[in-house]
>>> print(open('coords-v6.cif').read())   # mmCIF, C-alpha atoms, pLDDT in the B column; chains and numbers go by the auth columns
data_upload
loop_
_atom_site.group_PDB
_atom_site.id
_atom_site.type_symbol
_atom_site.label_atom_id
_atom_site.label_comp_id
_atom_site.label_asym_id
_atom_site.label_seq_id
_atom_site.Cartn_x
_atom_site.Cartn_y
_atom_site.Cartn_z
_atom_site.B_iso_or_equiv
_atom_site.auth_seq_id
_atom_site.auth_asym_id
ATOM 1 C CA MET A 1 1.943 -10.726 1.216 36.00 506 A
ATOM 2 C CA ARG A 2 1.833 -14.043 3.067 36.00 507 A
ATOM 3 C CA ARG A 3 -1.797 -13.478 4.024 37.00 508 A
ATOM 4 C CA HIS A 4 -2.660 -12.802 0.384 38.00 509 A
ATOM 5 C CA ARG A 5 -1.133 -16.072 -0.750 39.00 510 A
ATOM 6 C CA LYS A 6 -3.007 -18.184 1.788 40.00 511 A
ATOM 7 C CA VAL A 7 -6.303 -16.716 0.652 35.00 512 A
ATOM 8 C CA GLY A 8 -5.474 -17.580 -2.959 41.00 513 A
ATOM 9 C CA TYR A 9 -4.893 -21.219 -2.101 33.00 514 A
ATOM 10 C CA PHE A 10 -8.064 -21.378 -0.015 34.00 515 A
ATOM 11 C CA LEU A 11 -10.070 -20.423 -3.081 37.00 516 A
ATOM 12 C CA LEU A 12 -9.185 -23.714 -4.799 45.00 517 A
ATOM 13 C CA ILE A 13 -9.084 -26.178 -1.894 37.00 518 A
ATOM 14 C CA MET A 14 -12.024 -28.212 -3.194 35.00 519 A
ATOM 15 C CA PHE A 15 -10.955 -27.858 -6.813 41.00 520 A
ATOM 16 C CA LEU A 16 -7.427 -29.096 -6.133 43.00 521 A
ATOM 17 C CA SER A 17 -8.564 -32.057 -4.046 41.00 522 A
ATOM 18 C CA TYR A 18 -10.964 -33.021 -6.845 37.00 523 A
ATOM 19 C CA LEU A 19 -8.190 -33.024 -9.426 41.00 524 A
ATOM 20 C CA THR A 20 -5.826 -34.933 -7.139 45.00 525 A
ATOM 21 C CA CYS A 21 -8.439 -37.645 -6.739 40.00 526 A
ATOM 22 C CA LEU A 22 -8.726 -37.842 -10.511 35.00 527 A
ATOM 23 C CA GLY A 23 -4.997 -38.462 -10.780 47.00 528 A
ATOM 24 C CA TRP A 24 -4.862 -41.062 -8.034 47.00 529 A
ATOM 25 C CA GLY A 25 -7.942 -42.755 -9.401 45.00 530 A
ATOM 26 C CA ASN A 26 -5.891 -43.689 -12.479 45.00 531 A
ATOM 27 C CA ILE A 27 -3.082 -45.283 -10.492 44.00 532 A
ATOM 28 C CA PRO A 28 -4.036 -48.950 -11.223 43.00 533 A
ATOM 29 C CA VAL A 29 -3.136 -48.237 -14.860 45.00 534 A
ATOM 30 C CA LEU A 30 0.377 -47.402 -13.743 44.00 535 A
ATOM 31 C CA ALA A 31 1.127 -51.068 -12.991 45.00 536 A
ATOM 32 C CA GLN A 32 2.411 -51.409 -16.565 60.00 537 A
ATOM 33 C CA VAL A 33 5.821 -50.372 -15.192 73.00 538 A
ATOM 34 C CA PRO A 34 6.092 -52.353 -11.915 73.00 539 A
ATOM 35 C CA TYR A 35 8.907 -50.433 -10.236 86.00 540 A
ATOM 36 C CA ALA A 36 7.320 -47.130 -11.139 90.00 541 A
ATOM 37 C CA HIS A 37 4.023 -48.301 -9.670 87.00 542 A
ATOM 38 C CA GLN A 38 5.763 -49.125 -6.394 90.00 543 A
ATOM 39 C CA PHE A 39 7.315 -45.661 -6.247 93.00 544 A
ATOM 40 C CA VAL A 40 3.911 -44.111 -6.957 91.00 545 A
ATOM 41 C CA GLN A 41 2.355 -46.045 -4.075 90.00 546 A
ATOM 42 C CA GLN A 42 5.173 -45.024 -1.740 93.00 547 A
ATOM 43 C CA GLY A 43 4.565 -41.399 -2.631 93.00 548 A
ATOM 44 C CA ILE A 44 0.839 -41.728 -2.042 90.00 549 A
ATOM 45 C CA LYS A 45 1.314 -43.230 1.411 91.00 550 A
ATOM 46 C CA ARG A 46 3.716 -40.497 2.434 93.00 551 A
ATOM 47 C CA TYR A 47 1.476 -37.767 1.034 90.00 552 A
ATOM 48 C CA GLN A 48 -1.596 -39.120 2.790 88.00 553 A
ATOM 49 C CA ALA A 49 0.403 -39.269 6.030 92.00 554 A
ATOM 50 C CA GLY A 50 1.177 -35.575 5.656 90.00 555 A
ATOM 51 C CA ASP A 51 4.816 -36.149 4.691 95.00 556 A
ATOM 52 C CA TYR A 52 4.686 -33.986 1.560 93.00 557 A
ATOM 53 C CA GLN A 53 8.448 -33.611 1.286 96.00 558 A
ATOM 54 C CA GLY A 54 8.867 -37.373 1.596 97.00 559 A
ATOM 55 C CA ALA A 55 6.391 -37.998 -1.250 94.00 560 A
ATOM 56 C CA ILE A 56 8.525 -36.110 -3.767 97.00 561 A
ATOM 57 C CA ALA A 57 11.497 -38.491 -4.132 97.00 562 A
ATOM 58 C CA PRO A 58 9.517 -41.669 -4.974 95.00 563 A
ATOM 59 C CA TRP A 59 7.265 -39.759 -7.385 95.00 564 A
ATOM 60 C CA GLN A 60 10.288 -38.283 -9.120 96.00 565 A
ATOM 61 C CA ARG A 61 11.733 -41.781 -9.535 95.00 566 A
ATOM 62 C CA ALA A 62 8.439 -42.998 -10.948 93.00 567 A
ATOM 63 C CA LEU A 63 8.344 -40.041 -13.338 94.00 568 A
ATOM 64 C CA ILE A 64 11.797 -40.859 -14.706 93.00 569 A
ATOM 65 C CA LEU A 65 10.795 -44.482 -15.331 92.00 570 A
ATOM 66 C CA TYR A 66 7.588 -43.479 -17.103 91.00 571 A
ATOM 67 C CA GLN A 67 9.411 -40.905 -19.212 90.00 572 A
ATOM 68 C CA LYS A 68 11.702 -43.644 -20.508 89.00 573 A
ATOM 69 C CA SER A 69 8.695 -45.583 -21.749 83.00 574 A
ATOM 70 C CA LYS A 70 7.035 -43.989 -24.782 77.00 575 A
ATOM 71 C CA ASN A 71 3.800 -45.849 -24.017 80.00 576 A
ATOM 72 C CA ASN A 72 3.267 -44.242 -20.614 84.00 577 A
ATOM 73 C CA GLN A 73 2.768 -40.562 -21.359 88.00 578 A
ATOM 74 C CA GLN A 74 -0.550 -40.455 -19.503 89.00 579 A
ATOM 75 C CA GLU A 75 1.209 -41.731 -16.413 90.00 580 A
ATOM 76 C CA VAL A 76 3.888 -39.054 -16.857 91.00 581 A
ATOM 77 C CA ALA A 77 1.139 -36.408 -16.798 92.00 582 A
ATOM 78 C CA ILE A 78 -0.568 -37.898 -13.732 91.00 583 A
ATOM 79 C CA VAL A 79 2.637 -38.089 -11.694 93.00 584 A
ATOM 80 C CA ALA A 80 3.658 -34.601 -12.850 94.00 585 A
ATOM 81 C CA GLU A 81 0.299 -33.255 -11.633 92.00 586 A
ATOM 82 C CA ASN A 82 0.760 -34.754 -8.199 92.00 587 A
ATOM 83 C CA LEU A 83 4.343 -33.479 -7.987 95.00 588 A
ATOM 84 C CA ALA A 84 3.147 -30.006 -8.928 94.00 589 A
ATOM 85 C CA ARG A 85 0.490 -30.042 -6.215 91.00 590 A
ATOM 86 C CA THR A 86 2.950 -31.329 -3.647 93.00 591 A
ATOM 87 C CA TYR A 87 5.508 -28.639 -4.409 94.00 592 A
ATOM 88 C CA GLN A 88 2.706 -26.071 -4.246 91.00 593 A
ATOM 89 C CA GLN A 89 1.656 -27.476 -0.876 89.00 594 A
ATOM 90 C CA LEU A 90 5.228 -26.919 0.298 93.00 595 A
ATOM 91 C CA GLY A 91 5.240 -23.353 -1.025 92.00 596 A
ATOM 92 C CA GLN A 92 7.795 -24.124 -3.734 95.00 597 A
ATOM 93 C CA SER A 93 5.892 -22.588 -6.601 94.00 598 A
ATOM 94 C CA ASN A 94 8.722 -22.390 -9.133 96.00 599 A
ATOM 95 C CA GLN A 95 9.159 -26.152 -9.020 96.00 600 A
ATOM 96 C CA ALA A 96 5.401 -26.612 -9.202 95.00 601 A
ATOM 97 C CA ILE A 97 5.182 -24.514 -12.362 97.00 602 A
ATOM 98 C CA SER A 98 7.671 -26.709 -14.199 96.00 603 A
ATOM 99 C CA TYR A 99 5.587 -29.832 -13.454 96.00 604 A
ATOM 100 C CA TRP A 100 2.339 -28.068 -14.424 96.00 605 A
ATOM 101 C CA GLU A 101 3.947 -27.394 -17.794 97.00 606 A
ATOM 102 C CA GLN A 102 4.708 -31.091 -18.297 95.00 607 A
ATOM 103 C CA ALA A 103 1.151 -32.119 -17.475 95.00 608 A
ATOM 104 C CA ILE A 104 -0.396 -29.379 -19.630 96.00 609 A
ATOM 105 C CA ALA A 105 1.786 -30.368 -22.585 95.00 610 A
ATOM 106 C CA TYR A 106 0.282 -33.871 -22.444 94.00 611 A
ATOM 107 C CA TYR A 107 -3.357 -32.845 -22.065 94.00 612 A
ATOM 108 C CA ARG A 108 -3.403 -29.907 -24.479 95.00 613 A
ATOM 109 C CA PRO A 109 -3.938 -31.948 -27.706 95.00 614 A
ATOM 110 C CA ILE A 110 -6.339 -34.515 -26.221 94.00 615 A
ATOM 111 C CA ASN A 111 -8.273 -33.032 -23.293 94.00 616 A
ATOM 112 C CA PRO A 112 -9.032 -29.281 -23.441 95.00 617 A
ATOM 113 C CA GLN A 113 -11.128 -29.310 -20.271 94.00 618 A
ATOM 114 C CA GLN A 114 -8.329 -30.780 -18.180 93.00 619 A
ATOM 115 C CA THR A 115 -5.893 -28.409 -19.868 95.00 620 A
ATOM 116 C CA GLY A 116 -7.963 -25.416 -18.755 96.00 621 A
ATOM 117 C CA ARG A 117 -8.174 -26.674 -15.191 94.00 622 A
ATOM 118 C CA LEU A 118 -4.438 -27.233 -14.963 95.00 623 A
ATOM 119 C CA MET A 119 -3.845 -23.766 -16.420 96.00 624 A
ATOM 120 C CA THR A 120 -5.855 -22.407 -13.494 95.00 625 A
ATOM 121 C CA GLU A 121 -3.679 -24.306 -11.040 93.00 626 A
ATOM 122 C CA LYS A 122 -0.535 -23.101 -12.783 96.00 627 A
ATOM 123 C CA ALA A 123 -1.876 -19.549 -12.549 96.00 628 A
ATOM 124 C CA GLN A 124 -2.323 -20.018 -8.802 93.00 629 A
ATOM 125 C CA SER A 125 1.354 -20.955 -8.586 94.00 630 A
ATOM 126 C CA TYR A 126 2.304 -17.774 -10.420 96.00 631 A
ATOM 127 C CA SER A 127 0.108 -15.661 -8.147 93.00 632 A
ATOM 128 C CA SER A 128 1.672 -17.186 -5.048 92.00 633 A
ATOM 129 C CA ILE A 129 5.078 -15.797 -6.038 94.00 634 A
ATOM 130 C CA GLY A 130 3.732 -12.409 -7.056 92.00 635 A
ATOM 131 C CA GLN A 131 3.828 -12.998 -10.815 95.00 636 A
ATOM 132 C CA ASN A 132 0.268 -11.832 -11.319 93.00 637 A
ATOM 133 C CA ARG A 133 0.761 -10.784 -14.933 94.00 638 A
ATOM 134 C CA GLN A 134 1.586 -14.370 -15.909 96.00 639 A
ATOM 135 C CA ALA A 135 -1.373 -15.630 -13.890 96.00 640 A
ATOM 136 C CA ILE A 136 -3.769 -13.230 -15.603 96.00 641 A
ATOM 137 C CA ALA A 137 -2.404 -14.201 -19.027 96.00 642 A
ATOM 138 C CA LEU A 138 -3.181 -17.865 -18.351 97.00 643 A
ATOM 139 C CA LEU A 139 -6.617 -17.234 -16.894 97.00 644 A
ATOM 140 C CA CYS A 140 -8.064 -14.581 -19.190 96.00 645 A
ATOM 141 C CA GLY A 141 -5.428 -12.490 -20.927 94.00 646 A
ATOM 142 C CA THR A 142 -6.259 -8.941 -21.955 84.00 647 A
ATOM 143 C CA VAL A 143 -10.042 -8.562 -21.953 79.00 648 A
ATOM 144 C CA GLN A 144 -11.495 -7.618 -25.352 72.00 649 A
ATOM 145 C CA ASN A 145 -15.162 -6.624 -25.656 71.00 650 A
ATOM 146 C CA GLN A 146 -15.783 -7.935 -22.143 74.00 651 A
ATOM 147 C CA GLU A 147 -14.511 -11.388 -23.176 89.00 652 A
ATOM 148 C CA CYS A 148 -11.342 -13.248 -22.229 94.00 653 A
ATOM 149 C CA LEU A 149 -8.888 -14.182 -24.953 95.00 654 A
ATOM 150 C CA PRO A 150 -9.108 -17.598 -26.681 94.00 655 A
ATOM 151 C CA GLN A 151 -7.184 -20.506 -25.200 95.00 656 A
ATOM 152 C CA THR A 152 -7.226 -19.096 -21.691 97.00 657 A
ATOM 153 C CA ALA A 153 -8.620 -21.001 -18.710 97.00 658 A
ATOM 154 C CA VAL A 154 -11.894 -19.059 -18.626 97.00 659 A
ATOM 155 C CA THR A 155 -12.670 -19.442 -22.344 97.00 660 A
ATOM 156 C CA ILE A 156 -11.710 -23.131 -22.346 97.00 661 A
ATOM 157 C CA ALA A 157 -14.037 -23.798 -19.411 97.00 662 A
ATOM 158 C CA ARG A 158 -16.877 -21.902 -21.083 96.00 663 A
ATOM 159 C CA ALA A 159 -16.381 -23.699 -24.390 97.00 664 A
ATOM 160 C CA HIS A 160 -16.767 -27.068 -22.675 96.00 665 A
ATOM 161 C CA ASN A 161 -19.521 -26.042 -20.249 96.00 666 A
ATOM 162 C CA ASP A 162 -17.157 -26.775 -17.357 95.00 667 A
ATOM 163 C CA LEU A 163 -18.841 -24.722 -14.646 95.00 668 A
ATOM 164 C CA LEU A 164 -16.549 -25.974 -11.885 93.00 669 A
ATOM 165 C CA GLY A 165 -13.499 -25.067 -13.928 94.00 670 A
ATOM 166 C CA GLU A 166 -14.964 -21.695 -14.874 95.00 671 A
ATOM 167 C CA ALA A 167 -15.787 -20.801 -11.277 94.00 672 A
ATOM 168 C CA ALA A 168 -12.254 -21.686 -10.201 93.00 673 A
ATOM 169 C CA ALA A 169 -10.744 -19.700 -13.077 95.00 674 A
ATOM 170 C CA TRP A 170 -12.811 -16.573 -12.306 96.00 675 A
ATOM 171 C CA GLY A 171 -11.946 -16.895 -8.629 94.00 676 A
ATOM 172 C CA SER A 172 -8.239 -17.250 -9.362 94.00 677 A
ATOM 173 C CA LEU A 173 -8.411 -14.272 -11.711 95.00 678 A
ATOM 174 C CA GLY A 174 -10.070 -12.201 -9.016 95.00 679 A
ATOM 175 C CA GLU A 175 -7.374 -13.176 -6.531 93.00 680 A
ATOM 176 C CA ALA A 176 -4.633 -12.233 -9.004 94.00 681 A
ATOM 177 C CA TYR A 177 -6.151 -8.762 -9.423 95.00 682 A
ATOM 178 C CA ARG A 178 -6.692 -8.413 -5.670 94.00 683 A
ATOM 179 C CA ILE A 179 -3.068 -9.221 -4.910 92.00 684 A
ATOM 180 C CA ARG A 180 -2.060 -6.726 -7.604 92.00 685 A
ATOM 181 C CA GLY A 181 -4.106 -4.060 -5.809 93.00 686 A
ATOM 182 C CA ASP A 182 -6.862 -3.675 -8.426 94.00 687 A
ATOM 183 C CA TYR A 183 -9.673 -4.320 -5.970 95.00 688 A
ATOM 184 C CA LEU A 184 -12.647 -3.180 -8.085 94.00 689 A
ATOM 185 C CA GLN A 185 -11.653 -5.481 -10.942 94.00 690 A
ATOM 186 C CA ALA A 186 -11.036 -8.273 -8.435 94.00 691 A
ATOM 187 C CA ILE A 187 -14.534 -7.883 -6.998 96.00 692 A
ATOM 188 C CA ASN A 188 -16.047 -8.059 -10.490 94.00 693 A
ATOM 189 C CA TYR A 189 -14.346 -11.372 -11.278 95.00 694 A
ATOM 190 C CA LEU A 190 -14.925 -12.852 -7.828 95.00 695 A
ATOM 191 C CA GLN A 191 -18.641 -12.121 -8.201 96.00 696 A
ATOM 192 C CA ASN A 192 -18.594 -14.183 -11.412 95.00 697 A
ATOM 193 C CA SER A 193 -17.144 -17.068 -9.423 95.00 698 A
ATOM 194 C CA LEU A 194 -19.736 -16.620 -6.681 95.00 699 A
ATOM 195 C CA LYS A 195 -22.651 -16.673 -9.153 96.00 700 A
ATOM 196 C CA ILE A 196 -21.482 -19.960 -10.679 96.00 701 A
ATOM 197 C CA ALA A 197 -20.838 -21.501 -7.256 93.00 702 A
ATOM 198 C CA GLU A 198 -24.406 -20.635 -6.281 95.00 703 A
ATOM 199 C CA ALA A 199 -25.782 -21.958 -9.581 96.00 704 A
ATOM 200 C CA ILE A 200 -24.107 -25.351 -9.190 94.00 705 A
ATOM 201 C CA ALA A 201 -24.798 -25.425 -5.432 94.00 706 A
ATOM 202 C CA ASN A 202 -21.161 -26.029 -4.542 89.00 707 A
ATOM 203 C CA PRO A 203 -20.733 -25.012 -0.882 88.00 708 A
ATOM 204 C CA GLN A 204 -16.923 -25.141 -0.871 85.00 709 A
ATOM 205 C CA LEU A 205 -16.547 -22.829 -3.854 87.00 710 A
ATOM 206 C CA HIS A 206 -19.345 -20.641 -2.498 89.00 711 A
ATOM 207 C CA ILE A 207 -17.538 -20.158 0.823 89.00 712 A
ATOM 208 C CA SER A 208 -14.214 -19.590 -0.928 88.00 713 A
ATOM 209 C CA ALA A 209 -15.693 -16.928 -3.210 90.00 714 A
ATOM 210 C CA LEU A 210 -17.324 -15.168 -0.263 92.00 715 A
ATOM 211 C CA ASN A 211 -14.071 -15.293 1.675 90.00 716 A
ATOM 212 C CA SER A 212 -12.126 -13.773 -1.219 90.00 717 A
ATOM 213 C CA LEU A 213 -14.798 -11.110 -1.788 93.00 718 A
ATOM 214 C CA GLY A 214 -14.665 -10.223 1.901 92.00 719 A
ATOM 215 C CA ASN A 215 -10.920 -9.717 1.650 93.00 720 A
ATOM 216 C CA ALA A 216 -11.252 -7.631 -1.528 93.00 721 A
ATOM 217 C CA TYR A 217 -13.858 -5.323 0.045 93.00 722 A
ATOM 218 C CA SER A 218 -11.714 -5.069 3.174 92.00 723 A
ATOM 219 C CA ASN A 219 -8.692 -4.086 1.063 91.00 724 A
ATOM 220 C CA LEU A 220 -10.808 -1.495 -0.748 90.00 725 A
ATOM 221 C CA ALA A 221 -12.020 -0.052 2.557 88.00 726 A
ATOM 222 C CA GLN A 222 -8.448 0.233 3.803 85.00 727 A
ATOM 223 C CA VAL A 223 -7.536 2.243 0.708 82.00 728 A
ATOM 224 C CA GLY A 224 -10.487 4.558 1.397 60.00 729 A
ATOM 225 C CA ASP A 225 -9.392 5.006 5.010 64.00 730 A
ATOM 226 C CA ARG A 226 -5.867 5.931 3.955 72.00 731 A
ATOM 227 C CA GLN A 227 -7.171 8.455 1.426 63.00 732 A
ATOM 228 C CA ALA A 228 -9.498 9.982 4.027 55.00 733 A
ATOM 229 C CA ASN A 229 -6.670 10.277 6.549 61.00 734 A
ATOM 230 C CA SER A 230 -4.448 11.947 3.968 63.00 735 A
ATOM 231 C CA ALA A 231 -7.177 14.421 3.034 51.00 736 A
ATOM 232 C CA GLU A 232 -7.841 15.229 6.682 57.00 737 A
ATOM 233 C CA LYS A 233 -4.163 15.895 7.325 60.00 738 A
ATOM 234 C CA LEU A 234 -4.206 18.306 4.388 60.00 739 A
ATOM 235 C CA GLY A 235 -7.209 20.086 5.910 60.00 740 A
ATOM 236 C CA ASP A 236 -9.666 18.993 3.227 52.00 741 A
ATOM 237 C CA ARG A 237 -12.570 17.842 5.429 61.00 742 A
ATOM 238 C CA GLU A 238 -15.031 17.578 2.521 63.00 743 A
ATOM 239 C CA GLN A 239 -12.724 15.212 0.636 55.00 744 A
ATOM 240 C CA ALA A 240 -12.066 13.252 3.832 52.00 745 A
ATOM 241 C CA ASN A 241 -15.803 12.772 4.405 59.00 746 A
ATOM 242 C CA GLN A 242 -16.275 11.583 0.842 58.00 747 A
#
>>> encode(input="coords-v6.cif", output="structure tokens")
Amino acid sequence: MRRHRKVGYFLLIMFLSYLTCLGWGNIPVLAQVPYAHQFVQQGIKRYQAGDYQGAIAPWQRALILYQKSKNNQQEVAIVAENLARTYQQLGQSNQAISYWEQAIAYYRPINPQQTGRLMTEKAQSYSSIGQNRQAIALLCGTVQNQECLPQTAVTIARAHNDLLGEAAAWGSLGEAYRIRGDYLQAINYLQNSLKIAEAIANPQLHISALNSLGNAYSNLAQVGDRQANSAEKLGDREQANQ
């Protein structure tokens, strides 16, 4: 299971770093609450130094200060995003999910594209703790007529021509199905991610999609080997050869 989770995170390495830069790029705006700004900067320095656990406390203090100010809801969302990513980096997915929810609640009425991207990240958190049903619901839901349900990460990305977000959503969906053991469905969705990565010439997403596809095909081959071995033990050579 641990190997599965690492692969899932690898899929979104570039995507997550891109979103983190977006959040930190807005930090000068946070100076409206001086003490909060100082806590944000402390967290950034610790995070950049690799002290992920140490970045949490100052960011949590900043979040509390921003939450008390009704005029700083954007800052609340930005700090919540970075807390979510930090907890995810530490493998504490349940805590990450709660901060994703805070950030999504802010963006949902004003920025659908960012909402869809954060839904993909939240889905990754669910997948990392084996809650693949919740991840699939966020990313695509129950497929109807070969289309994902409205207000899922895939449909939001498509509606706003967000190819980067769509590629990440398809890739995360494929990983969720792969971890669940539905390898054929996983391959189908991962190929969608690969096609978009090739179309937008994004090498990081391209490599990630190939890596995930390699794992899915490997998992599928292992299932075939087990079935062949079982058939051979039962004396059914024809079935074993198939």
>>> closest_residue(input="coords-v6.cif", among="A:Tyr694, A:Tyr631, A:Tyr592, A:Trp605", to="Tyr557 in chain A", atoms="all atoms listed in the file")
A:Tyr592
>>> atom_distance(input="coords-v6.cif", atom1="CA of Arg622 in chain A", atom2="CA of Arg566 in chain A")
25.6 Å
>>> resolve_selection(input="coords-v6.cif", expression="the PyMOL selection byres ((chain A and resi 637) around 12)", output="PyMOL selection string")
chain A and resi 510+513+627-636+638-646+677-687
>>> residues_around(input="coords-v6.cif", residues="Pro617 in chain A", least_positions_apart="6", cutoff="10 Å", atoms="all atoms listed in the file", output="list in words")
Ile609, Leu623, Gln656, Ala658, Ile661, Ala662, Ala664 and His665 of chain A
>>> atom_distance(input="coords-v6.cif", atom1="CA of Ile583 in chain A", atom2="CA of Ile561 in chain A")
13.6 Å
>>> atom_distance(input="coords-v6.cif", atom1="CA of Arg663 in chain A", atom2="CA of Leu695 in chain A")
16.2 Å
>>> closest_residue(input="coords-v6.cif", among="A:Thr625, A:Asn716, A:Asn587, A:Gln593", to="Val659 in chain A", atoms="all atoms listed in the file")
A:Thr625
>>> axis_aligned_box(input="coords-v6.cif", around="range 642-657 of chain A", padding_each_side="6 Å", output="AutoDock Vina command-line options")
--center_x -9.1 --center_y -13.6 --center_z -21.8 --size_x 25.4 --size_y 25.9 --size_z 21.8
>>> resolve_selection(input="coords-v6.cif", expression="the PyMOL selection byres ((chain A and resi 718) around 10)", output="list in words")
Gly676, Gly679, Glu680, Arg683, Tyr688, Ala691, Ile692, Asn693, Tyr694, Leu695, Gln696, Ser698, Leu699, Ile712, Ser713, Ala714, Leu715, Asn716, Ser717, Gly719, Asn720, Ala721, Tyr722, Ser723 and Asn724 of chain A
>>> build_atoms(input="coords-v6.cif", residues="range 535-552 of chain A", atoms="N, CA, C and O atoms", output="mmCIF file, in the coordinates of the input")
data_model
loop_
_atom_site.group_PDB
_atom_site.id
_atom_site.type_symbol
_atom_site.label_atom_id
_atom_site.label_comp_id
_atom_site.auth_asym_id
_atom_site.auth_seq_id
_atom_site.Cartn_x
_atom_site.Cartn_y
_atom_site.Cartn_z
ATOM 1 N N LEU A 535 -1.053 -47.596 -13.801
ATOM 2 C CA LEU A 535 0.377 -47.402 -13.743
ATOM 3 C C LEU A 535 1.145 -48.699 -13.504
ATOM 4 O O LEU A 535 2.365 -48.710 -13.567
ATOM 5 N N ALA A 536 0.456 -49.796 -13.256
ATOM 6 C CA ALA A 536 1.127 -51.068 -12.991
ATOM 7 C C ALA A 536 1.868 -51.598 -14.201
ATOM 8 O O ALA A 536 2.592 -52.567 -14.116
ATOM 9 N N GLN A 537 1.711 -50.977 -15.363
ATOM 10 C CA GLN A 537 2.411 -51.409 -16.565
ATOM 11 C C GLN A 537 3.930 -51.316 -16.391
ATOM 12 O O GLN A 537 4.679 -52.006 -17.065
ATOM 13 N N VAL A 538 4.399 -50.466 -15.506
ATOM 14 C CA VAL A 538 5.821 -50.372 -15.192
ATOM 15 C C VAL A 538 5.946 -50.659 -13.697
ATOM 16 O O VAL A 538 5.799 -49.758 -12.879
ATOM 17 N N PRO A 539 6.202 -51.929 -13.317
ATOM 18 C CA PRO A 539 6.092 -52.353 -11.915
ATOM 19 C C PRO A 539 6.873 -51.489 -10.927
ATOM 20 O O PRO A 539 6.350 -51.071 -9.918
ATOM 21 N N TYR A 540 8.132 -51.221 -11.190
ATOM 22 C CA TYR A 540 8.907 -50.433 -10.236
ATOM 23 C C TYR A 540 8.337 -49.036 -10.091
ATOM 24 O O TYR A 540 8.295 -48.480 -8.994
ATOM 25 N N ALA A 541 7.912 -48.461 -11.191
ATOM 26 C CA ALA A 541 7.320 -47.130 -11.139
ATOM 27 C C ALA A 541 6.061 -47.141 -10.282
ATOM 28 O O ALA A 541 5.818 -46.232 -9.486
ATOM 29 N N HIS A 542 5.253 -48.180 -10.452
ATOM 30 C CA HIS A 542 4.023 -48.301 -9.670
ATOM 31 C C HIS A 542 4.339 -48.339 -8.176
ATOM 32 O O HIS A 542 3.645 -47.721 -7.366
ATOM 33 N N GLN A 543 5.384 -49.054 -7.806
ATOM 34 C CA GLN A 543 5.763 -49.125 -6.394
ATOM 35 C C GLN A 543 6.168 -47.748 -5.864
ATOM 36 O O GLN A 543 5.797 -47.364 -4.748
ATOM 37 N N PHE A 544 6.915 -47.007 -6.665
ATOM 38 C CA PHE A 544 7.315 -45.661 -6.247
ATOM 39 C C PHE A 544 6.097 -44.753 -6.117
ATOM 40 O O PHE A 544 6.017 -43.930 -5.199
ATOM 41 N N VAL A 545 5.134 -44.907 -7.038
ATOM 42 C CA VAL A 545 3.911 -44.111 -6.957
ATOM 43 C C VAL A 545 3.187 -44.394 -5.648
ATOM 44 O O VAL A 545 2.751 -43.471 -4.942
ATOM 45 N N GLN A 546 3.050 -45.672 -5.303
ATOM 46 C CA GLN A 546 2.355 -46.045 -4.075
ATOM 47 C C GLN A 546 3.077 -45.521 -2.841
ATOM 48 O O GLN A 546 2.441 -45.073 -1.881
ATOM 49 N N GLN A 547 4.413 -45.574 -2.862
ATOM 50 C CA GLN A 547 5.173 -45.024 -1.740
ATOM 51 C C GLN A 547 4.874 -43.532 -1.565
ATOM 52 O O GLN A 547 4.677 -43.047 -0.442
ATOM 53 N N GLY A 548 4.855 -42.829 -2.691
ATOM 54 C CA GLY A 548 4.565 -41.399 -2.631
ATOM 55 C C GLY A 548 3.181 -41.116 -2.100
ATOM 56 O O GLY A 548 2.984 -40.189 -1.305
ATOM 57 N N ILE A 549 2.214 -41.918 -2.510
ATOM 58 C CA ILE A 549 0.839 -41.728 -2.042
ATOM 59 C C ILE A 549 0.743 -41.919 -0.533
ATOM 60 O O ILE A 549 0.127 -41.107 0.174
ATOM 61 N N LYS A 550 1.373 -42.964 -0.031
ATOM 62 C CA LYS A 550 1.314 -43.230 1.411
ATOM 63 C C LYS A 550 1.933 -42.089 2.209
ATOM 64 O O LYS A 550 1.404 -41.660 3.232
ATOM 65 N N ARG A 551 3.053 -41.591 1.723
ATOM 66 C CA ARG A 551 3.716 -40.497 2.434
ATOM 67 C C ARG A 551 2.881 -39.215 2.356
ATOM 68 O O ARG A 551 2.777 -38.482 3.344
ATOM 69 N N TYR A 552 2.305 -38.959 1.188
ATOM 70 C CA TYR A 552 1.476 -37.767 1.034
ATOM 71 C C TYR A 552 0.262 -37.835 1.951
ATOM 72 O O TYR A 552 -0.077 -36.860 2.628
#
